[in-house]
Every structure is written in structure tokens, then in C-alpha cells.
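J.: Sharing target-v3.tsv (TSV, C-alpha atoms) below.
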chain	number	residue	atom	x	y	z
I	1	MET	CA	-3.45	33.86	3.78
I	2	GLU	CA	-4.74	31.35	6.32
I	3	SER	CA	-3.53	27.77	5.83
I	4	SER	CA	-4.55	24.48	7.42
I	5	PHE	CA	-2.93	21.08	6.87
I	6	LEU	CA	-5.15	18.02	7.13
I	7	GLY	CA	-5.14	14.35	6.28
I	8	ILE	CA	-7.86	13.08	3.98
I	9	ASP	CA	-10.03	11.76	6.82
I	10	GLU	CA	-9.67	15.03	8.72
I	11	VAL	CA	-11.32	17.15	6.06
I	12	ALA	CA	-14.75	18.25	7.25
I	13	GLY	CA	-17.28	20.01	5.08
I	14	VAL	CA	-16.33	21.64	1.80
I	15	PRO	CA	-13.19	23.81	1.90
I	16	ALA	CA	-13.33	27.04	-0.08
I	17	VAL	CA	-9.94	26.22	-1.58
I	18	ALA	CA	-8.25	22.82	-1.41
I	19	VAL	CA	-4.70	21.98	-2.46
I	20	VAL	CA	-4.28	18.21	-2.60
I	21	VAL	CA	-0.64	17.18	-2.32
I	22	ASP	CA	0.86	13.86	-3.42
I	23	VAL	CA	4.56	14.15	-4.18
I	24	MET	CA	5.49	10.46	-4.46
I	25	ARG	CA	4.03	9.98	-6.88
I	26	ALA	CA	0.50	10.70	-8.12
I	27	PHE	CA	0.69	14.40	-8.90
I	28	THR	CA	4.29	14.33	-10.06
I	29	VAL	CA	3.06	11.70	-12.52
I	30	ALA	CA	0.04	13.83	-13.45
I	31	ALA	CA	2.31	16.77	-14.23
I	32	TRP	CA	4.50	14.57	-16.40
I	33	ALA	CA	1.41	13.27	-18.20
I	34	PHE	CA	0.54	16.83	-19.17
I	35	GLU	CA	4.14	17.47	-20.19
I	36	ARG	CA	3.89	14.42	-22.46
I	37	GLY	CA	0.82	15.87	-24.16
I	38	ALA	CA	-2.19	14.55	-22.21
I	39	GLU	CA	-5.24	16.76	-22.70
I	40	ARG	CA	-6.85	15.92	-19.36
I	41	ILE	CA	-6.72	13.45	-16.50
I	42	VAL	CA	-9.87	11.82	-15.15
I	43	LEU	CA	-9.52	10.86	-11.49
I	44	ALA	CA	-11.14	7.48	-10.80
I	45	GLY	CA	-12.48	6.25	-7.49
I	46	SER	CA	-11.53	2.60	-7.98
I	47	LEU	CA	-9.57	0.33	-10.27
I	48	ASP	CA	-12.80	-1.08	-11.68
I	49	GLU	CA	-14.07	2.42	-12.42
I	50	ALA	CA	-10.81	3.29	-14.15
I	51	LEU	CA	-11.09	0.27	-16.44
I	52	ALA	CA	-14.78	0.91	-17.10
I	53	LEU	CA	-14.08	4.52	-18.09
I	54	LYS	CA	-11.30	3.42	-20.41
I	55	ALA	CA	-13.52	0.74	-21.98
I	56	ARG	CA	-16.24	3.28	-22.82
I	57	GLN	CA	-13.91	5.71	-24.59
I	58	SER	CA	-11.64	4.82	-27.48
I	59	GLY	CA	-8.10	6.03	-27.03
I	60	TRP	CA	-8.20	6.66	-23.29
I	61	VAL	CA	-5.20	5.55	-21.24
I	62	ALA	CA	-5.53	3.98	-17.78
I	63	LEU	CA	-2.85	4.38	-15.10
I	64	LYS	CA	-2.55	2.83	-11.64
I	65	ASP	CA	-0.29	2.40	-8.61
I	66	GLY	CA	1.94	-0.62	-8.21
I	67	ALA	CA	2.83	-3.29	-10.72
I	68	ALA	CA	1.46	-3.46	-14.23
I	69	ALA	CA	-1.96	-5.11	-14.52
I	70	PRO	CA	-4.21	-6.26	-17.37
I	71	GLY	CA	-6.17	-3.39	-18.90
I	72	PHE	CA	-3.87	-0.68	-17.57
I	73	ASP	CA	-1.51	1.06	-19.94
I	74	ALA	CA	0.90	2.63	-17.46
I	75	VAL	CA	1.94	2.69	-13.83
I	76	ASN	CA	2.32	5.56	-11.39
I	77	SER	CA	5.98	6.33	-12.10
I	78	PRO	CA	7.32	9.58	-13.53
I	79	GLY	CA	10.48	7.80	-14.66
I	80	LEU	CA	8.48	5.28	-16.67
I	81	LEU	CA	6.01	7.86	-18.02
I	82	ARG	CA	8.42	10.58	-19.15
I	83	ASP	CA	9.08	8.95	-22.53
I	84	VAL	CA	5.47	8.01	-23.29
I	85	ASP	CA	3.67	9.94	-26.03
I	86	LEU	CA	0.28	11.03	-24.65
I	87	GLY	CA	-0.45	13.68	-27.27
I	88	GLY	CA	-4.15	14.62	-27.12
I	89	ARG	CA	-5.05	11.64	-24.93
I	90	THR	CA	-7.25	11.43	-21.86
I	91	VAL	CA	-5.57	9.63	-18.95
I	92	VAL	CA	-7.62	7.86	-16.28
I	93	GLN	CA	-5.66	7.83	-13.03
I	94	LYS	CA	-6.31	5.79	-9.88
I	95	THR	CA	-3.81	5.84	-7.03
I	96	THR	CA	-3.77	4.89	-3.38
I	97	ALA	CA	-3.66	8.39	-1.90
I	98	GLY	CA	-3.56	11.26	-4.39
I	99	THR	CA	-6.73	10.56	-6.35
I	100	VAL	CA	-8.53	9.62	-3.12
I	101	GLY	CA	-7.65	13.01	-1.63
I	102	ALA	CA	-8.78	14.92	-4.70
I	103	LEU	CA	-12.11	13.11	-4.84
I	104	ALA	CA	-12.66	13.82	-1.14
I	105	VAL	CA	-12.73	17.58	-1.85
I	106	LYS	CA	-14.12	17.49	-5.39
I	107	ASP	CA	-17.03	19.79	-4.49
I	108	SER	CA	-14.77	22.63	-3.33
I	109	PRO	CA	-14.99	25.76	-5.52
I	110	LEU	CA	-11.27	25.54	-6.25
I	111	VAL	CA	-9.29	22.28	-6.14
I	112	LEU	CA	-5.61	22.18	-7.04
I	113	CYS	CA	-3.49	19.04	-7.20
I	114	ALA	CA	0.16	19.61	-6.45
I	115	ALA	CA	3.69	18.31	-5.99
I	116	PHE	CA	7.10	19.97	-5.96
I	117	VAL	CA	7.28	19.99	-9.76
I	118	VAL	CA	4.39	22.50	-9.88
I	119	ALA	CA	4.84	24.13	-6.46
I	120	GLY	CA	5.68	27.63	-7.67
I	121	ALA	CA	2.87	27.73	-10.24
I	122	THR	CA	0.41	26.49	-7.62
I	123	ALA	CA	1.48	29.21	-5.19
I	124	ARG	CA	1.22	31.89	-7.88
I	125	LEU	CA	-2.28	30.76	-8.81
I	126	LEU	CA	-3.38	30.94	-5.17
I	127	ARG	CA	-2.05	34.48	-4.94
I	128	ASP	CA	-3.47	35.53	-8.32
I	129	ARG	CA	-6.93	34.42	-7.26
I	130	GLY	CA	-6.70	36.15	-3.90
I	131	CYS	CA	-7.37	33.03	-1.86
I	132	GLY	CA	-7.81	33.98	1.78
I	133	SER	CA	-8.11	30.52	3.31
I	134	VAL	CA	-6.54	27.37	1.92
I	135	THR	CA	-6.87	23.77	3.09
I	136	TYR	CA	-3.87	21.62	2.20
I	137	VAL	CA	-4.78	17.94	2.01
I	138	VAL	CA	-1.73	15.86	2.95
I	139	THR	CA	-2.63	12.60	1.27
I	140	GLY	CA	0.09	10.13	2.21
I	141	GLU	CA	0.27	8.02	5.37
I	142	ASP	CA	-3.03	9.29	6.80
I	143	GLY	CA	-1.79	12.86	6.65
I	144	ARG	CA	1.64	12.14	8.11
I	145	ALA	CA	3.68	11.72	4.92
I	146	GLU	CA	6.70	13.97	5.37
I	147	GLU	CA	7.18	14.59	1.64
I	148	ASP	CA	3.57	15.75	1.21
I	149	ARG	CA	3.58	17.88	4.35
I	150	ALA	CA	6.88	19.51	3.37
I	151	CYS	CA	5.55	20.32	-0.10
I	152	ALA	CA	2.29	21.68	1.30
I	153	GLU	CA	4.13	23.92	3.76
I	154	TYR	CA	6.45	25.12	1.01
I	155	ILE	CA	3.56	26.07	-1.27
I	156	ALA	CA	1.80	27.80	1.62
I	157	ALA	CA	4.93	29.83	2.41
I	158	ARG	CA	5.37	30.92	-1.19
I	159	ALA	CA	1.68	31.73	-1.57
I	160	ALA	CA	1.84	33.88	1.54
I	161	GLY	CA	4.77	35.78	0.06
I	162	ASP	CA	7.15	35.25	2.97
I	163	GLY	CA	10.22	35.43	0.73
I	164	THR	CA	10.57	31.67	0.24
I	165	GLY	CA	11.46	31.80	-3.43
I	166	ALA	CA	12.48	29.12	-5.87
I	167	ALA	CA	16.19	29.60	-5.21
I	168	ALA	CA	16.05	30.51	-1.52
I	169	GLY	CA	14.51	28.56	1.30
I	170	ALA	CA	13.50	25.49	-0.70
I	171	GLY	CA	16.37	23.30	0.44
I	172	ALA	CA	15.00	22.46	3.88
I	173	TYR	CA	11.66	21.37	2.46
I	174	LEU	CA	13.29	19.24	-0.22
I	175	ARG	CA	15.59	17.61	2.33
I	176	ARG	CA	12.59	16.66	4.42
I	177	ALA	CA	10.99	15.05	1.38
I	178	ALA	CA	14.21	13.29	0.42
I	179	GLY	CA	14.39	11.79	3.91
I	180	SER	CA	10.81	10.56	3.91
I	181	ARG	CA	9.68	6.96	4.18
I	182	ALA	CA	8.25	7.12	0.67
I	183	ALA	CA	11.59	8.22	-0.76
I	184	ALA	CA	13.38	5.42	1.07
I	185	GLU	CA	10.94	2.79	-0.14
I	186	LEU	CA	11.25	3.96	-3.73
I	187	ALA	CA	15.03	4.07	-3.54
I	188	GLN	CA	15.17	0.58	-2.02
I	189	GLY	CA	12.82	-0.92	-4.59
I	190	VAL	CA	10.14	-1.71	-2.02
I	191	ARG	CA	7.38	-0.22	-4.14
I	192	GLU	CA	6.39	-1.94	-7.37
I	193	GLY	CA	6.00	-0.09	-10.63
I	194	ALA	CA	8.93	2.23	-9.97
I	195	HIS	CA	11.93	3.59	-11.87
I	196	PRO	CA	15.35	4.36	-10.32
I	197	ASP	CA	14.90	8.04	-11.21
I	198	ASP	CA	11.50	8.43	-9.52
I	199	VAL	CA	12.74	10.05	-6.31
I	200	ALA	CA	14.90	12.58	-8.16
I	201	LEU	CA	12.05	13.42	-10.53
I	202	CYS	CA	9.66	13.91	-7.60
I	203	LEU	CA	12.11	16.34	-5.99
I	204	GLU	CA	12.55	18.58	-9.04
I	205	LEU	CA	11.37	21.99	-7.90
I	206	ASP	CA	9.23	23.99	-10.33
I	207	ARG	CA	9.96	21.75	-13.29
I	208	PHE	CA	6.71	22.90	-14.90
I	209	SER	CA	5.11	26.34	-15.17
I	210	PHE	CA	1.50	25.19	-14.86
I	211	ALA	CA	-0.81	24.46	-11.96
I	212	MET	CA	-3.29	21.57	-12.06
I	213	VAL	CA	-6.94	22.38	-11.44
I	214	ALA	CA	-9.57	19.70	-10.80
I	215	SER	CA	-13.20	20.40	-11.62
I	216	GLN	CA	-16.42	18.54	-12.35
I	217	GLU	CA	-17.14	17.76	-16.00
I	218	ASP	CA	-20.12	15.56	-16.88
I	219	SER	CA	-20.06	13.89	-13.43
I	220	LEU	CA	-16.32	13.20	-13.72
I	221	THR	CA	-13.54	14.79	-11.69
I	222	VAL	CA	-11.18	16.10	-14.32
I	223	LEU	CA	-7.71	17.52	-13.87
I	224	ARG	CA	-6.36	20.06	-16.38
I	225	PRO	CA	-3.21	22.17	-16.55
I	226	VAL	CA	-3.47	25.93	-16.18
I	227	ALA	CA	-0.46	27.96	-17.29
I	228	VAL	CA	0.86	30.28	-14.59
I	229	PRO	CA	3.99	31.97	-16.00
I	230	ALA	CA	6.84	32.66	-13.64
I	231	VAL	CA	7.64	36.23	-12.67
I	232	PRO	CA	11.16	37.70	-12.51
I	233	ALA	CA	11.38	37.96	-8.70
I	234	GLY	CA	9.71	36.48	-5.62
I	235	LEU	CA	6.93	34.25	-6.89
The structure given in the file should be rewritten as C-alpha cells.
T.:
Amino acid sequence: MESSFLGIDEVAGVPAVAVVVDVMRAFTVAAWAFERGAERIVLAGSLDEALALKARQSGWVALKDGAAAPGFDAVNSPGLLRDVDLGGRTVVQKTTAGTVGALAVKDSPLVLCAAFVVAGATARLLRDRGCGSVTYVVTGEDGRAEEDRACAEYIAARAAGDGTGAAAGAGAYLRRAAGSRAAAELAQGVREGAHPDDVALCLELDRFSFAMVASQEDSLTVLRPVAVPAVPAGL
């Protein structure tokens, strides 16, 4: 399996398969939203678009980066979202990096959004679908975010079947993410709209057994969970 690792602005054309990685915190939050019962997540291109989408649909929930703001129901924090009941709801998500990266490759035939919490399921889906070439979009810090790059490389290694399993080989990747600038800023309270448990929650490996697939639905970019059960050995 051929893998390339690019920042958002480095993506040229339409990749055959794109895995968009945002560990801290967009796609960790998205995974938790599905765990809390969300039916789907609509990825918005701007804060105004997010609020407009919510206003047109009764019962939709809007979520953003940073501090709480009028019209938004939640912030981009897994620690703050994990106790919220989202049963059957549609969540509209707008973040600084993750949603931007996903929208940049929305026309790709297969778009996956990923973080460590769904790393194994994402790798299994790539293998199950026989993907020969995968573009990993490293969304944070113009493609230089260590936590996103580490997660992307980890998924790529597992998808390629190099023996990097859930229990073996993950430690080095997780340590890189734990030592990232994003982790430090969250731990130090630099970023608004955060919970003390956010870093730990973002570093939970394979917490969920689903991958997250983004596709076009009625002109919207919609993220949905796809169950990818774990296998006894390897992936």
C-alpha cells in the first residue's frame, strides 16, 4: 500500500483515497459524538454556515472550536462532550483544521476522518477495501502537527500489515502525540473550550470499533460511522 503524507495546502487534485487526521481534537470529538448517539455529522465550511444549517433544521446541534458562543450547543472537546446525549441527532461541526481538511478532499471517492480512537478500524477498512494508494491529510499546523503525523503514520503502518498491532508498536506513536505542541497547549489551558481529560481521551488507542466515512449527501459533506469489527490477531 502506497502512502503519502500531506498538509491541507499540499493536496493537489483529487486523491483516490484520503484519510484526514485531526487528533486534537476534531475527529476524536466526532468519534465521541457517534458514541453518544449522533446519527451523522455535517462538516461546515464556516461558523456562519454551521449556524445557518442548524437554523434550517429543527433539532440539529452545532459544535465549534474554542470558547462557547451564541447559537452553538457544544465545543470541540471530547471531555465536555462525553456526557452529552446526542441520540438520533445531527451534529454540525466546524473546526480550525479537521473540517477544513475533510472539505478539501470531499470529492475523493473514499474519504475517512481519523484519530487514534478509531485508528485500528480505519486501518482495517483500508485493507478490507483493497486500497492501493492512500493520501493522509495531516491537518494541524500546516501539515506539521506531530500528533496528526504520528497518528497518520500509525494507521498507514497497520493498514500495510507490517505487524504494528494494537498492543505492539503503538507506544512510540502515542509518545510523539503526547509530546506535541497541541497536547502541551491543552494541558496548560492555553486553548479555550477544553477539559482536563482532553489529552488523555485523544490518546486512547482504538477506543471505538468504527471508522468514519465522509461522503456527499444533498450537497453537504456528511460523516457517518461504519462498523469495522476487530479481528483476533494482527489488525
J.: Using only C-alpha atoms, which of I:Gly169, I:Glu49, I:Ala102, I:Ala182 sits nearest I:Gly71?
T.: I:Glu49
J.: Rank I:Leu47, I:Ala12, I:Ile155, I:Val21 by their smallest atom-to-atom distance to I:Val92, using only C-alpha atoms, and report the top residue only.
T.: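 Among I:Leu47, I:Ala12, I:Ile155, I:Val21, it is I:Leu47 that comes nearest to I:Val92.
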J.: May I have the residues within 7 Å of I:Val42 as an MDAnalysis selection string, using all atoms listed in the file and disregarding those fewer than 2 positions away in the same chain?
T.: chainID I and resid 40 44 91:93 220:223
J.: Produce a file of the selected residues containing C-alpha atoms, as a PDB file, in the coordinates of the input.
T.:
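Produced file again_35.pdb, reproduced below:
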ATOM      1  CA  ARG I  40      -6.850  15.920 -19.360  1.00  0.00           C
ATOM      2  CA  ALA I  44     -11.140   7.480 -10.800  1.00  0.00           C
ATOM      3  CA  VAL I  91      -5.570   9.630 -18.950  1.00  0.00           C
ATOM      4  CA  VAL I  92      -7.620   7.860 -16.280  1.00  0.00           C
ATOM      5  CA  GLN I  93      -5.660   7.830 -13.030  1.00  0.00           C
ATOM      6  CA  LEU I 220     -16.320  13.200 -13.720  1.00  0.00           C
ATOM      7  CA  THR I 221     -13.540  14.790 -11.690  1.00  0.00           C
ATOM      8  CA  VAL I 222     -11.180  16.100 -14.320  1.00  0.00           C
ATOM      9  CA  LEU I 223      -7.710  17.520 -13.870  1.00  0.00           C
TER      10      LEU I 223
END
J.: From the set I:Asp9, I:Asp65, I:Asp206, I:Asp142, which residue has the shortest atom-to-atom contact distance to I:Arg25, counting all atoms listed in the file?
T.: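 Ranked by minimum distance to I:Arg25, first place goes to I:Asp65.
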J.: Box in all listed atoms of stretch 200-214 of chain I, axis-aligned, with 3 Å more on each side; write out centre and edge lengths in Å to one decimal as JSON.
T.:
{"center_x": 2.7, "center_y": 19.5, "center_z": -10.6, "size_x": 30.5, "size_y": 19.8, "size_z": 15.2}
J.: Mind pulling up the distance from atom CA of I:Ala177 to atom CA of I:Ile41?
T.: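 We find that atom CA of I:Ile41 and atom CA of I:Ala177 lie 25.2 Å from each other.
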J.: Just give me the gap between atom CA of I:Val105 and atom CA of I:Arg127 in Å, one decimal is fine.
T.: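 So the two atoms, atom CA of I:Val105 and atom CA of I:Arg127, lie 20.2 Å apart.
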J.: Residues within 10 Å of I:Phe34, please, as a CSV table (one decimal) with C-alpha atoms, in the frame of the given file. Count all atoms listed in the file; anything in the same chain fewer than 2 positions from it doesn't count.
T.:
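The result, stored in part-v7.csv:
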chain,number,residue,atom,x,y,z
I,29,VAL,CA,3.1,11.7,-12.5
I,30,ALA,CA,0.0,13.8,-13.4
I,31,ALA,CA,2.3,16.8,-14.2
I,32,TRP,CA,4.5,14.6,-16.4
I,36,ARG,CA,3.9,14.4,-22.5
I,37,GLY,CA,0.8,15.9,-24.2
I,38,ALA,CA,-2.2,14.6,-22.2
I,39,GLU,CA,-5.2,16.8,-22.7
I,40,ARG,CA,-6.8,15.9,-19.4
I,41,ILE,CA,-6.7,13.4,-16.5
I,86,LEU,CA,0.3,11.0,-24.6
I,87,GLY,CA,-0.4,13.7,-27.3
I,88,GLY,CA,-4.2,14.6,-27.1
I,89,ARG,CA,-5.0,11.6,-24.9
I,90,THR,CA,-7.2,11.4,-21.9
I,91,VAL,CA,-5.6,9.6,-19.0
I,208,PHE,CA,6.7,22.9,-14.9
I,210,PHE,CA,1.5,25.2,-14.9
I,212,MET,CA,-3.3,21.6,-12.1
I,223,LEU,CA,-7.7,17.5,-13.9
I,224,ARG,CA,-6.4,20.1,-16.4
I,225,PRO,CA,-3.2,22.2,-16.6
J.: In terms of the shortest atom-to-atom distance over all atoms listed in the file, which of I:Arg144, I:Arg149, I:Arg191, I:Arg124 is closest to I:Ser209?
T.: I:Arg124
J.: For I:Leu186, which residue among I:Met24, I:Ala52, I:Cys151, I:Met1 is the nearest when counting only C-alpha atoms?
T.: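 Of I:Met24, I:Ala52, I:Cys151, I:Met1, the one nearest I:Leu186, counting only C-alpha atoms, is I:Met24.
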